[in-house]
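Undergrad: Starting off with a structure, shown below.
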Amino acid sequence: MTVEVNGIKLNYEICGQGEDILFLHGWGASLDSFKRMIAPLSKNFRCISLDAPGCGKSDLPNEPLTPDDYCKITKEFMDKLGLKNPIMIGHSNGGRTILNMCANGYCNPKKIVLFGAAGIKGKKTFKQKMRQTAFKTAKRALTLPLIKNYTENSLEALRKHFGSADYNSAPPVMRRTLVNLINSDVTDKLHNITASTLLIWGENDTASPLWMANVMEKEIKDCGLVVMPGLSHWNFIENPVGTDAILKSFLGGK
């Protein structure tokens with residue numbers, strides 16, 4: 001199914017009946033990442049999963065998006081489907097959107113579940129800082145007024161050399177979107193979140209390290225943290241049975 005929001009055709013799926021749960025996937029993924037999780041939940045809940053702009057079967061945005069744009073697009077999607085403060089489940093960037101929506105008053109769900117949520121600006125290692133400095137220095141040289149009209153190919157090669165796998169695999173508008181996202185930080189607003197919050201984290205998550213979950217647990221008023229030993233950023237796929245049990249305990253159902 002599709003719906004148009006802000007001129008972008010968004011793909012979504014609905015499964016099951018009962019109280020609404022809205023699922024928001026991570027960067028570069030799609031609603032398919034939640035299908036295994038949704039199967040048991042759909043026996044007790046109406047599960048709505050959404051492909052974010054530029055992901056899955058949804059259209060690319062016309063302009064780079066900011067975290068607030070993701071909030072507005074998701075809120076308009078909810079309004080068009082008549083979703084009033086559903087339970088919200090998010091992974092990675094989907095978790096970032098949920099945190100921003102709840103912290104900035106876009107919605108007030110009773111419960112939220114976050115798997116390896118993004119939203120807190122990462123700490124750069126010395127090596128990463130040096131790479132960033134090298135990139136900025138080279139970019140500055142290639143964009144000098146006398147030569148900038150002749151260096152686009154060199155700039156693109158520079159971006160590919162210094163960019164992450166996520167950055168390099170994305171189309172230009174999503175690359176600029178990714179830069180906007182990773183430079184944002186919701187830490188100072190986490191105290192505004194009143195929803196009962198469950199954090200489910202992989203012990204070995206390198207995309208959203210465990211220290212980020214510890215910050216969220218401390219700053220969000222009603223928050224609990226479950227750490228899955230030995231698992232990664234994709235803990236809910238690596239341990240689906242354990243995930244099902246945790247969600248049943250937190251959300252209820254038969």
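Quick note on naming: the chains in the structure tokens go A, B, ... in the order shown, residues restart at 1 in each chain, and ligands are numbered from 1 in order of appearance.
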Val173 of chain A: which residues within 12 Å, counting only C-alpha atoms, same-chain residues fewer than 3 positions away excluded, as a PyMOL selection string?
TA: chain A and resi 53-54+59-66+167-170+176-180
Undergrad: Need to verify the contact set: Thr187 of chain A, 10 Å, only C-alpha atoms, exclusion of same-chain residues closer than 6 positions in sequence. Can you return it as a PyMOL selection string?
TA: chain A and resi 99-100+103+119-121+212+215-216+219-220
Undergrad: At a cut-off of 10 Å, using only C-alpha atoms, what residues contact Leu24 of chain A? Leave out same-chain residues fewer than 6 positions from it and give the result as a list in words.
TA: Ser30, Leu31, Ser33, Phe34, Ile48, Ser49, Leu50, Asp51, Ala52, Thr74, Met88, Ile89, Gly90, His91, Ser92, Asn93, Gly94, Gly95, Arg96, Thr97, Ile98 and Leu114 of chain A
Undergrad: Set the distance at 9 Å and use only C-alpha atoms: which residues neighbour Ile200 of chain A once local chain neighbours fewer than 3 positions away are removed? I'd like the list as number ranges by chain.
TA: A: 113-117, 213, 224-228, 235-236, 243, 246
Undergrad: Create the file for the chosen residues now, containing C-alpha atoms and written as a PDB file, in the first residue's frame.
TA:
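And here's part.pdb as it stands now:
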ATOM      1  CA  VAL A 113      10.580  -0.081  22.196  1.00  0.00           C
ATOM      2  CA  LEU A 114      13.975   0.843  20.785  1.00  0.00           C
ATOM      3  CA  PHE A 115      16.502  -1.573  19.285  1.00  0.00           C
ATOM      4  CA  GLY A 116      19.974  -0.043  18.994  1.00  0.00           C
ATOM      5  CA  ALA A 117      18.461   3.409  18.591  1.00  0.00           C
ATOM      6  CA  ALA A 213      21.749   3.075  25.772  1.00  0.00           C
ATOM      7  CA  GLY A 224      14.452  -0.016  31.236  1.00  0.00           C
ATOM      8  CA  LEU A 225      17.374  -1.620  29.418  1.00  0.00           C
ATOM      9  CA  VAL A 226      17.805  -5.226  28.280  1.00  0.00           C
ATOM     10  CA  VAL A 227      21.286  -6.119  27.036  1.00  0.00           C
ATOM     11  CA  MET A 228      21.618  -9.158  24.775  1.00  0.00           C
ATOM     12  CA  ASN A 235      20.101  -8.191  17.918  1.00  0.00           C
ATOM     13  CA  PHE A 236      16.395  -8.748  17.170  1.00  0.00           C
ATOM     14  CA  THR A 243      13.109 -10.851  21.330  1.00  0.00           C
ATOM     15  CA  ILE A 246      10.893  -9.742  25.861  1.00  0.00           C
TER      16      ILE A 246
END
Undergrad: Go through A:Leu181, A:Met1, A:Cys47, A:Ala245 one by one, measure the shortest atom-to-atom distance of each to Gly122 of chain A using only C-alpha atoms, and give the residue with the smallest value.
TA: A:Leu181
